[in-house]
Amino acid sequence: MKLGYIIAYVSDISSEMDFFGRAFDLSTRWIHESGDYGELNTGQTTLAFASHALGALNLPAGYRRLDRSDQPIGLEIALVTESVEEVHERAVRCGAEEIARPATKPWGQIVSYVRSPQGILVELCTPIEKAADEETAG
């Protein structure tokens, strides 16, 4: 078993993909001609967006939609970078809501949180291996 996809159902796929491109330097991998589904180049696990229309087809009993008007949902997408502070500031300039400023965790990892224009909670963090290595060396 391996994690293949993380799919977020959003109101506007192209604007969310554009935000992730500008804020986090993630390029578009593929967009379906219908505009109901798109993927970003994110490494081994694909980050994708699907329309609410597709969500209704896939989940006929319904689901809780992402929304920036209330608290973030209890699920995050973590993006690993050596430059948490820089990426955090760029994401906010690109329209993200700041949830938590960059801070060093007790294990040495730098972590911050933002929320995308359509409500996706995004953790920005340095590699955990680097934090663990520094803790072991200290």
# chains A, B, ... in the order shown; residues from 1 in each chain; ligands from 1
$ residues_around --residues "A:Thr42" --least-positions-apart "3" --cutoff "10 Å" --atoms "only C-alpha atoms" --output "list of chain:residue names"
A:Asp25, A:Leu26, A:Ser27, A:Thr28, A:Arg29, A:Glu39, A:Thr45, A:Thr46, A:Leu47, A:Ala48, A:Leu79
$ write_last_selection --atoms "C-alpha atoms" --output "CSV table (one decimal), in the first residue's frame"
chain,number,residue,atom,x,y,z
A,25,ASP,CA,6.1,27.0,-7.0
A,26,LEU,CA,4.1,23.9,-7.8
A,27,SER,CA,3.5,23.4,-11.5
A,28,THR,CA,0.4,22.0,-13.2
A,29,ARG,CA,0.7,18.3,-14.0
A,39,GLU,CA,-3.2,17.7,-10.6
A,45,THR,CA,2.1,11.7,-3.9
A,46,THR,CA,-0.2,13.7,-6.2
A,47,LEU,CA,-2.0,16.7,-4.9
A,48,ALA,CA,-5.2,17.1,-6.9
A,79,LEU,CA,4.9,21.0,2.1
$ residues_around --residues "stretch 82-91 of chain A" --least-positions-apart "2" --cutoff "9 Å" --atoms "only C-alpha atoms" --output "list of chain:residue names"
A:Phe19, A:Phe20, A:Arg22, A:Ala23, A:Phe24, A:Val80, A:Arg93, A:Cys94, A:Gly95, A:Ala96, A:Glu97, A:Glu98, A:Arg101, A:Pro102, A:Ile110, A:Val111, A:Ser112, A:Tyr113, A:Val114, A:Arg115, A:Ser116, A:Leu124, A:Cys125, A:Thr126, A:Pro127
$ write_last_selection --atoms "C-alpha atoms" --output "JSON list (two decimals), in the first residue's frame"
[["chain", "number", "residue", "atom", "x", "y", "z"],
["A", 19, "PHE", "CA", -2.62, 29.90, -6.00],
["A", 20, "PHE", "CA", -0.57, 26.75, -5.25],
["A", 22, "ARG", "CA", 2.31, 31.12, -7.29],
["A", 23, "ALA", "CA", 2.57, 30.54, -3.53],
["A", 24, "PHE", "CA", 4.51, 27.28, -3.50],
["A", 80, "VAL", "CA", 8.52, 20.48, 2.93],
["A", 93, "ARG", "CA", 1.16, 37.76, -0.28],
["A", 94, "CYS", "CA", -0.53, 35.39, -2.76],
["A", 95, "GLY", "CA", -3.76, 35.30, -0.73],
["A", 96, "ALA", "CA", -3.27, 32.69, 1.99],
["A", 97, "GLU", "CA", -4.66, 33.30, 5.45],
["A", 98, "GLU", "CA", -1.93, 33.19, 8.09],
["A", 101, "ARG", "CA", 3.82, 32.14, 11.94],
["A", 102, "PRO", "CA", 7.00, 30.08, 11.47],
["A", 110, "ILE", "CA", 10.62, 24.92, 11.64],
["A", 111, "VAL", "CA", 6.84, 24.85, 11.01],
["A", 112, "SER", "CA", 4.17, 27.35, 9.98],
["A", 113, "TYR", "CA", 0.53, 27.14, 8.90],
["A", 114, "VAL", "CA", -1.48, 28.99, 6.27],
["A", 115, "ARG", "CA", -4.87, 28.40, 4.72],
["A", 116, "SER", "CA", -5.41, 28.55, 0.97],
["A", 124, "LEU", "CA", 5.08, 24.52, 5.69],
["A", 125, "CYS", "CA", 7.96, 22.72, 7.34],
["A", 126, "THR", "CA", 11.64, 21.96, 7.13],
["A", 127, "PRO", "CA", 12.56, 18.31, 6.55]]
$ closest_atom_pairs --of "stretch 64-135 of chain A" --to "stretch 52-59 of chain A" --cutoff "12 Å" --atoms "only C-alpha atoms" --output "CSV"
residue,atom,partner,partner_atom,distance
A:Arg64,CA,A:Gly55,CA,10.4
A:Arg65,CA,A:His52,CA,8.2
A:Leu66,CA,A:His52,CA,10.1
$ write_last_selection --atoms "N, CA and C atoms" --output "compact mmCIF listing (two decimals), in the first residue's frame"
# COMPACT_ATOMS: atom_id res chain seq x y z
N ARG A 64 -18.61 17.51 3.87
CA ARG A 64 -18.41 18.85 4.42
C ARG A 64 -17.45 19.60 3.50
N ARG A 65 -17.92 20.68 2.92
CA ARG A 65 -17.10 21.46 1.99
C ARG A 65 -16.06 22.30 2.72
N LEU A 66 -14.91 22.47 2.09
CA LEU A 66 -13.90 23.37 2.61
C LEU A 66 -14.47 24.79 2.59
$ select_by_dssp --residues "chain A" --states "strand (DSSP E or B)" --output "PyMOL selection string"
chain A and resi 5-10+28-31+37-40+46-51+76-80+97-104+110-115+121-125
$ closest_residue --among "A:Gly43, A:Pro117, A:Leu75, A:Glu123" --to "A:Ala100" --atoms "only C-alpha atoms"
A:Glu123
